[in-house]
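Trainee: What follows is query-v5.cif, made up of mmCIF, C-alpha atoms:
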```cif
data_protein
loop_
_atom_site.label_atom_id
_atom_site.label_comp_id
_atom_site.auth_asym_id
_atom_site.auth_seq_id
_atom_site.Cartn_x
_atom_site.Cartn_y
_atom_site.Cartn_z
CA MET Z 1 170.41 83.34 48.08
CA ALA Z 2 167.64 80.75 48.79
CA TYR Z 3 167.94 81.39 52.55
CA VAL Z 4 166.75 84.98 52.42
CA PRO Z 5 163.37 84.29 50.75
CA GLY Z 6 162.82 81.46 53.25
CA ALA Z 7 163.30 83.81 56.20
CA VAL Z 8 160.96 86.28 54.63
CA LEU Z 9 158.37 83.52 54.15
CA ILE Z 10 158.63 82.41 57.79
CA ALA Z 11 158.17 86.00 59.00
CA ALA Z 12 155.13 86.38 56.82
CA LEU Z 13 153.59 83.18 58.17
CA VAL Z 14 154.15 84.30 61.77
CA ALA Z 15 152.55 87.67 61.07
CA GLY Z 16 149.61 85.93 59.41
CA CYS Z 17 149.05 83.66 62.40
CA SER Z 18 149.07 86.62 64.79
CA ALA Z 19 146.58 88.47 62.69
CA GLY Z 20 144.35 85.40 62.53
CA THR Z 21 144.35 85.01 66.30
CA GLU Z 22 143.21 88.58 66.88
CA GLY Z 23 140.54 88.11 64.28
CA ASP Z 24 139.25 84.99 66.04
CA VAL Z 25 138.99 86.80 69.40
CA SER Z 26 137.14 89.65 67.81
CA ALA Z 27 134.80 87.25 66.07
CA SER Z 28 134.05 85.35 69.27
CA ASP Z 29 133.28 88.59 71.11
CA SER Z 30 130.79 89.55 68.43
CA LYS Z 31 128.73 86.36 68.75
CA PRO Z 32 125.10 87.06 69.80
CA GLY Z 33 125.31 84.54 72.64
CA THR Z 34 128.03 86.47 74.44
CA LEU Z 35 126.21 89.81 74.50
CA THR Z 36 125.17 90.84 78.04
CA THR Z 37 121.76 92.38 78.73
CA SER Z 38 121.05 94.77 81.58
CA ALA Z 39 118.86 93.43 84.40
CA ALA Z 40 115.42 94.92 85.04
CA PRO Z 41 115.55 97.89 87.44
CA PRO Z 42 114.99 97.19 91.15
CA GLY Z 43 111.96 98.50 93.00
CA LYS Z 44 111.84 101.96 94.48
CA TYR Z 45 111.61 100.70 98.08
CA ARG Z 46 114.28 98.58 99.75
CA THR Z 47 112.84 98.61 103.29
CA LEU Z 48 109.47 98.80 105.02
CA PRO Z 49 108.20 101.06 107.82
CA GLU Z 50 107.70 99.75 111.33
CA ALA Z 51 104.08 98.64 111.12
CA CYS Z 52 102.99 99.21 114.73
CA ARG Z 53 104.24 102.81 114.54
CA ALA Z 54 102.86 103.56 111.08
CA ILE Z 55 99.54 104.99 112.35
CA PRO Z 56 99.66 108.18 114.47
CA LEU Z 57 98.07 107.99 117.91
CA SER Z 58 95.46 110.62 117.02
CA THR Z 59 94.38 108.51 114.03
CA LEU Z 60 94.19 105.36 116.15
CA LYS Z 61 91.92 107.13 118.63
CA ASP Z 62 89.61 108.09 115.78
CA LEU Z 63 89.61 104.58 114.32
CA LEU Z 64 89.02 102.92 117.70
CA PRO Z 65 86.61 105.24 119.55
CA GLY Z 66 85.66 102.54 122.05
CA ALA Z 67 89.18 102.49 123.49
CA ALA Z 68 88.49 105.78 125.26
CA GLN Z 69 86.00 103.94 127.49
CA LEU Z 70 88.66 101.52 128.74
CA PRO Z 71 90.93 102.01 131.77
CA GLU Z 72 94.11 103.90 130.95
CA ALA Z 73 96.33 100.83 131.23
CA GLN Z 74 94.16 98.96 128.72
CA GLN Z 75 94.13 101.96 126.41
CA ASP Z 76 97.92 101.94 126.27
CA LYS Z 77 97.89 98.26 125.37
CA VAL Z 78 95.31 98.81 122.64
CA TYR Z 79 97.24 101.68 121.05
CA GLU Z 80 100.49 99.73 121.22
CA GLY Z 81 99.21 97.17 118.74
CA THR Z 82 100.22 93.56 118.15
CA PRO Z 83 102.84 92.95 115.45
CA ALA Z 84 102.19 90.23 112.90
CA GLY Z 85 104.59 87.31 112.76
CA THR Z 86 107.14 87.54 109.96
CA PHE Z 87 110.39 85.85 108.91
CA ASP Z 88 111.82 88.84 107.05
CA THR Z 89 110.97 92.38 108.15
CA ASP Z 90 112.47 93.75 104.92
CA ARG Z 91 109.92 91.82 102.91
CA ARG Z 92 106.72 91.83 105.01
CA VAL Z 93 105.46 93.41 108.23
CA GLY Z 94 102.05 94.02 109.79
CA CYS Z 95 100.23 95.09 112.93
CA ARG Z 96 96.73 94.84 114.45
CA TRP Z 97 94.90 97.02 116.96
CA THR Z 98 91.70 95.83 118.67
CA SER Z 99 89.29 97.69 120.92
CA ASP Z 100 86.58 95.69 122.71
CA ALA Z 101 84.20 98.24 124.23
CA PRO Z 102 80.80 97.49 125.86
CA ASP Z 103 78.79 98.90 122.96
CA ALA Z 104 80.94 97.68 120.06
CA SER Z 105 84.27 96.21 119.08
CA ARG Z 106 86.56 97.52 116.35
CA SER Z 107 89.87 96.48 114.94
CA ILE Z 108 92.30 97.86 112.40
CA ALA Z 109 95.02 95.80 110.72
CA ILE Z 110 97.69 96.85 108.23
CA ASP Z 111 100.04 94.75 106.16
CA PHE Z 112 103.06 95.95 104.17
CA GLU Z 113 104.49 93.64 101.51
CA ARG Z 114 107.63 94.55 99.56
CA VAL Z 115 107.61 92.57 96.34
CA VAL Z 116 110.94 91.39 94.92
CA SER Z 117 111.33 89.78 91.50
CA TYR Z 118 113.85 86.97 91.24
CA ASP Z 119 113.69 87.06 87.45
CA PRO Z 120 116.34 89.47 86.09
CA ALA Z 121 114.11 90.14 83.08
CA VAL Z 122 111.15 91.22 85.26
CA SER Z 123 111.34 94.35 87.41
CA ASP Z 124 110.14 94.48 91.00
CA ASP Z 125 107.40 96.91 89.95
CA ASP Z 126 106.12 94.56 87.23
CA ARG Z 127 106.10 91.66 89.66
CA ALA Z 128 104.22 93.82 92.20
CA ARG Z 129 101.63 94.62 89.52
CA GLU Z 130 101.04 90.90 89.05
CA VAL Z 131 100.66 90.29 92.80
CA TYR Z 132 98.27 93.25 93.16
CA ALA Z 133 96.20 92.13 90.15
CA LYS Z 134 95.64 88.73 91.78
CA LYS Z 135 94.39 90.41 94.96
CA GLU Z 136 91.98 92.59 93.00
CA ASP Z 137 90.70 89.61 91.02
CA ALA Z 138 90.18 87.66 94.26
CA ALA Z 139 88.04 90.50 95.63
CA ASP Z 140 85.55 89.88 92.80
CA LEU Z 141 84.51 93.52 92.53
CA PRO Z 142 81.23 94.38 90.79
CA SER Z 143 81.63 95.12 87.12
CA ALA Z 144 82.02 98.83 86.40
CA SER Z 145 79.74 98.39 83.38
CA LEU Z 146 76.76 97.38 85.52
CA ALA Z 147 74.06 99.85 86.50
CA PRO Z 148 73.95 100.61 90.26
CA ASP Z 149 70.93 98.35 90.85
CA ASP Z 150 72.57 95.52 88.90
CA ALA Z 151 75.74 95.89 90.96
CA ASP Z 152 73.66 95.70 94.14
CA ARG Z 153 72.03 92.47 93.06
CA GLU Z 154 75.34 90.96 91.96
CA THR Z 155 77.14 91.63 95.25
CA ALA Z 156 74.29 91.30 97.73
CA SER Z 157 74.24 87.50 97.57
CA PRO Z 158 77.94 86.54 97.88
CA LYS Z 159 79.14 89.50 99.90
CA SER Z 160 76.14 90.96 101.66
CA SER Z 161 76.93 94.31 100.08
CA PRO Z 162 76.73 97.46 102.18
CA THR Z 163 73.62 98.84 100.51
CA GLY Z 164 72.18 95.98 98.44
CA ASN Z 165 70.06 94.42 101.18
CA GLU Z 166 68.67 97.77 102.28
CA LYS Z 167 67.72 98.67 98.71
CA ALA Z 168 66.09 95.33 98.11
CA GLY Z 169 63.97 95.82 101.21
CA ALA Z 170 62.91 99.28 100.09
CA LYS Z 171 61.75 97.97 96.72
CA SER Z 172 59.75 95.14 98.24
CA ASP Z 173 57.94 97.68 100.41
CA GLY Z 174 56.58 99.55 97.41
CA GLY Z 175 59.45 101.14 95.52
CA THR Z 176 59.79 101.74 91.80
CA ASP Z 177 59.69 98.02 90.99
CA GLY Z 178 56.22 97.82 92.54
CA LYS Z 179 55.02 100.63 90.30
CA LYS Z 180 56.26 98.85 87.20
CA ASP Z 181 54.20 95.79 88.14
CA ALA Z 182 51.01 97.83 88.60
CA THR Z 183 48.17 96.98 86.17
CA PRO Z 184 45.19 99.03 84.90
CA ASP Z 185 42.97 97.04 87.29
CA SER Z 186 44.84 98.22 90.41
CA SER Z 187 42.64 99.27 93.32
CA ALA Z 188 42.07 102.87 94.29
CA THR Z 189 44.34 102.36 97.27
CA GLY Z 190 47.13 101.17 95.02
CA SER Z 191 46.66 104.16 92.73
CA ALA Z 192 46.80 106.52 95.68
CA ASP Z 193 49.98 104.86 96.90
CA ASP Z 194 51.52 105.19 93.45
CA ALA Z 195 50.62 108.87 93.29
CA ALA Z 196 52.05 109.47 96.73
CA GLY Z 197 55.19 107.61 95.76
CA ASP Z 198 55.54 109.71 92.63
CA ALA Z 199 55.09 112.89 94.60
CA THR Z 200 57.69 111.83 97.13
CA GLY Z 201 60.10 110.94 94.36
CA ASP Z 202 59.61 114.30 92.68
CA ALA Z 203 60.12 116.17 95.92
CA GLU Z 204 63.13 114.29 97.24
CA GLY Z 205 64.82 113.15 94.06
CA ASP Z 206 66.02 109.64 93.25
CA THR Z 207 67.63 108.33 96.42
CA ALA Z 208 67.51 104.60 95.66
CA ASP Z 209 71.31 104.39 95.59
CA GLY Z 210 71.88 106.30 98.81
CA GLY Z 211 72.12 109.75 97.29
CA THR Z 212 70.35 112.92 98.36
CA ALA Z 213 68.02 115.21 96.49
CA GLY Z 214 69.83 117.17 93.81
CA SER Z 215 73.09 115.20 94.20
CA PRO Z 216 74.44 112.08 92.49
CA ALA Z 217 74.06 108.77 94.33
CA GLU Z 218 76.98 107.93 96.60
CA ASN Z 219 78.75 104.74 95.63
CA LEU Z 220 79.34 102.48 98.63
CA GLN Z 221 79.84 99.35 96.56
CA PRO Z 222 83.19 97.51 96.44
CA ARG Z 223 85.11 99.32 93.72
CA VAL Z 224 88.40 100.42 92.19
CA LEU Z 225 89.90 103.59 93.72
CA ASP Z 226 91.48 105.98 91.24
CA THR Z 227 93.29 108.37 93.58
CA LEU Z 228 95.23 106.11 95.94
CA GLY Z 229 98.77 105.02 95.06
CA ASP Z 230 99.49 103.51 91.65
CA SER Z 231 96.53 101.11 91.87
CA ALA Z 232 93.91 100.54 94.56
CA PHE Z 233 90.55 98.99 95.34
CA LEU Z 234 88.04 98.90 98.20
CA ASP Z 235 86.07 95.89 99.36
CA ASP Z 236 83.15 95.91 101.83
CA VAL Z 237 81.76 92.70 103.32
CA LEU Z 238 78.88 92.42 105.81
CA THR Z 239 78.42 89.04 107.48
CA ARG Z 240 76.18 87.59 110.15
CA ALA Z 241 76.26 84.14 111.69
CA GLY Z 242 73.07 82.98 113.38
CA SER Z 243 71.87 85.38 116.05
CA THR Z 244 75.22 87.08 116.57
CA ALA Z 245 75.82 90.73 115.80
CA GLN Z 246 76.48 91.87 112.27
CA HIS Z 247 80.13 92.10 111.38
CA ARG Z 248 81.48 94.44 108.67
CA THR Z 249 85.00 94.52 107.26
CA VAL Z 250 86.16 97.25 104.89
CA SER Z 251 89.40 96.47 103.09
CA VAL Z 252 91.53 98.97 101.19
CA VAL Z 253 94.41 97.55 99.15
CA PHE Z 254 96.81 99.72 97.20
CA ARG Z 255 100.15 99.45 95.41
CA THR Z 256 102.87 102.07 95.38
CA SER Z 257 105.81 101.01 93.21
CA ASN Z 258 106.93 97.59 94.55
CA VAL Z 259 105.07 97.76 97.88
CA ILE Z 260 101.50 96.51 98.42
CA VAL Z 261 99.59 97.78 101.46
CA THR Z 262 96.46 96.11 102.84
CA ILE Z 263 94.16 97.79 105.37
CA GLU Z 264 91.34 95.90 107.10
CA TYR Z 265 88.94 97.92 109.23
CA THR Z 266 86.34 95.89 111.12
CA ALA Z 267 83.36 96.87 113.29
CA GLN Z 268 80.84 94.79 115.22
CA PRO Z 269 78.12 96.42 117.36
CA ALA Z 270 77.09 94.66 120.56
CA LEU Z 271 73.43 94.57 119.50
CA SER Z 272 72.53 92.08 116.78
CA THR Z 273 69.92 94.49 115.43
CA GLU Z 274 72.52 97.13 114.56
CA ALA Z 275 74.56 97.12 111.37
CA PRO Z 276 77.95 98.89 111.21
CA ASP Z 277 77.92 102.11 109.23
CA SER Z 278 79.43 101.35 105.84
CA LYS Z 279 80.02 104.98 104.88
CA GLU Z 280 81.92 105.78 108.08
CA LEU Z 281 84.16 102.72 107.85
CA GLN Z 282 84.92 103.32 104.17
CA GLU Z 283 85.78 106.98 104.69
CA LYS Z 284 88.11 106.24 107.59
CA ALA Z 285 89.79 103.34 105.82
CA GLN Z 286 90.43 105.46 102.72
CA ALA Z 287 91.73 108.35 104.83
CA LEU Z 288 94.17 105.96 106.52
CA GLY Z 289 95.28 104.73 103.11
CA GLU Z 290 96.08 108.30 102.06
CA LYS Z 291 98.17 108.79 105.22
CA LEU Z 292 100.13 105.62 104.57
CA VAL Z 293 100.76 106.58 100.93
CA ASP Z 294 102.20 109.87 102.15
CA THR Z 295 104.65 108.04 104.44
CA PHE Z 296 106.12 106.28 101.40
CA SER Z 297 106.45 109.52 99.44
CA GLU Z 298 108.42 111.27 102.20
#
```
Show this structure as structure tokens.

Mentor:
Amino acid sequence: MAYVPGAVLIAALVAGCSAGTEGDVSASDSKPGTLTTSAAPPGKYRTLPEACRAIPLSTLKDLLPGAAQLPEAQQDKVYEGTPAGTFDTDRRVGCRWTSDAPDASRSIAIDFERVVSYDPAVSDDDRAREVYAKKEDAADLPSASLAPDDADRETASPKSSPTGNEKAGAKSDGGTDGKKDATPDSSATGSADDAAGDATGDAEGDTADGGTAGSPAENLQPRVLDTLGDSAFLDDVLTRAGSTAQHRTVSVVFRTSNVIVTIEYTAQPALSTEAPDSKELQEKAQALGEKLVDTFSE
């Protein structure tokens, strides 16, 4: 009779051990340290376009008008472009086109960078935002809170801004700043000049910032662009070394998802007395940026 309860007790112990084992597995699975988290989503783009074929021939001819003056064989070489050196064409590619004509030289360069985040907690897009933000900070754009004249003065010294030097010259020749400095003891000639200046201002409108009568001033300063890709900015630098010709480079940088595109459009007239047209270069660089954005959206 004692044997039967013992067998029952052994069976109960075995059942209890089995139940305890399952409970331990379940408990270990529920520990916070074993929970898996999903990685940040990858970027939208996995490849990059072929840089030297990214710009249509008709656009290249417009960007490099001097190439039409070259012999046909040289034209073909110009339009072919020179690819930038790269170790990984899935991560970065670029190309440059240069036209050296008798009256001026121009070049256009593009760079495509596909940003990849190696941190599973940071998405490719977020990492691309960080890379783009550093580029924009490095450009040292004028503060949007500054008045146009203040922006001119801020950028004219370090960057030789596209319109700052011209405006400064206009003021020193008898612009509005001269009128503010006028005193009650000014000569009759000075008064006549002031009156003439006022009359001209009333007739033509305020054109100190490059605008026309009856229209807002056109902004040619380095600035953020609101309608190009996810984020974009434009930089404009005019330089001159010694007696050499003036050299202007307009840069347009934009981000679309995890790809950052940089455009550099440069012009240098043969004559040192000529300055490249800022408005023309900016318009063409922005138009090229819009074409390149469209290629990514296709």

Trainee: Here is a test: counting all atoms listed in the file, which residue of Z:Ala245, Z:Val131, Z:Cys95, Z:Leu64 is nearest to Pro269 (chain Z)?

Mentor: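 Ranking Z:Ala245, Z:Val131, Z:Cys95, Z:Leu64 by distance to Pro269 (chain Z), first place goes to Z:Ala245.
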
Trainee: Here is a test: counting only C-alpha atoms, which residue of Z:Glu80, Z:Glu72, Z:Asp125, Z:Asp137 is nearest to Asp235 (chain Z)?

Mentor: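 Among the listed residues, Z:Asp137 lies closest to Asp235 (chain Z).
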
Trainee: If the PyMOL selection byres ((chain Z and resi 118) around 12) is run on the structure shown, which residues does it catch, given as a ChimeraX atom specification?

Mentor: /Z:39-43,115-117,119-128

Trainee: Pick from Z:Ala54, Z:Val293, Z:Ala84, Z:Val250: nearest to Glu280 (chain Z), with only C-alpha atoms counted?

Mentor: Z:Val250

Trainee: What's around Lys44 (chain Z) at 10 Å? Count all atoms listed in the file, leave out sequence neighbours fewer than 3 positions away in its own chain, and write the answer as a list of chain:residue names.

Mentor: Z:Pro41, Z:Thr47, Z:Arg114, Z:Asp124, Z:Asp125, Z:Thr256, Z:Ser257, Z:Asn258, Z:Val259, Z:Phe296

Trainee: Once the PyMOL selection byres ((chain Z and resi 285) around 12) is applied to the coordinates I shared, what remains selected? I want it as a VMD selection string.

Mentor: chain Z and resid 55 59 to 60 62 to 64 107 to 110 228 233 to 236 249 to 254 262 to 267 278 to 284 286 to 292

Trainee: Using all atoms listed in the file, which residues sit within 10 Å of Ala104 (chain Z) once same-chain residues fewer than 2 positions away are excluded, as a compact mmCIF listing (two decimals) with C-alpha atoms, in the frame of the given file?

Mentor:
```txt
# COMPACT_ATOMS: atom_id res chain seq x y z
CA LEU Z 64 89.02 102.92 117.70
CA PRO Z 65 86.61 105.24 119.55
CA GLY Z 66 85.66 102.54 122.05
CA SER Z 99 89.29 97.69 120.92
CA ASP Z 100 86.58 95.69 122.71
CA ALA Z 101 84.20 98.24 124.23
CA PRO Z 102 80.80 97.49 125.86
CA ARG Z 106 86.56 97.52 116.35
CA ALA Z 245 75.82 90.73 115.80
CA ALA Z 267 83.36 96.87 113.29
CA GLN Z 268 80.84 94.79 115.22
CA PRO Z 269 78.12 96.42 117.36
CA ALA Z 270 77.09 94.66 120.56
CA LEU Z 271 73.43 94.57 119.50
CA PRO Z 276 77.95 98.89 111.21
```

Trainee: Report the distance between CA of Glu50 (chain Z) and CA of Ala73 (chain Z) in Å, rounded to one decimal place.

Mentor: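 CA of Glu50 (chain Z) sits 22.9 Å away from CA of Ala73 (chain Z).
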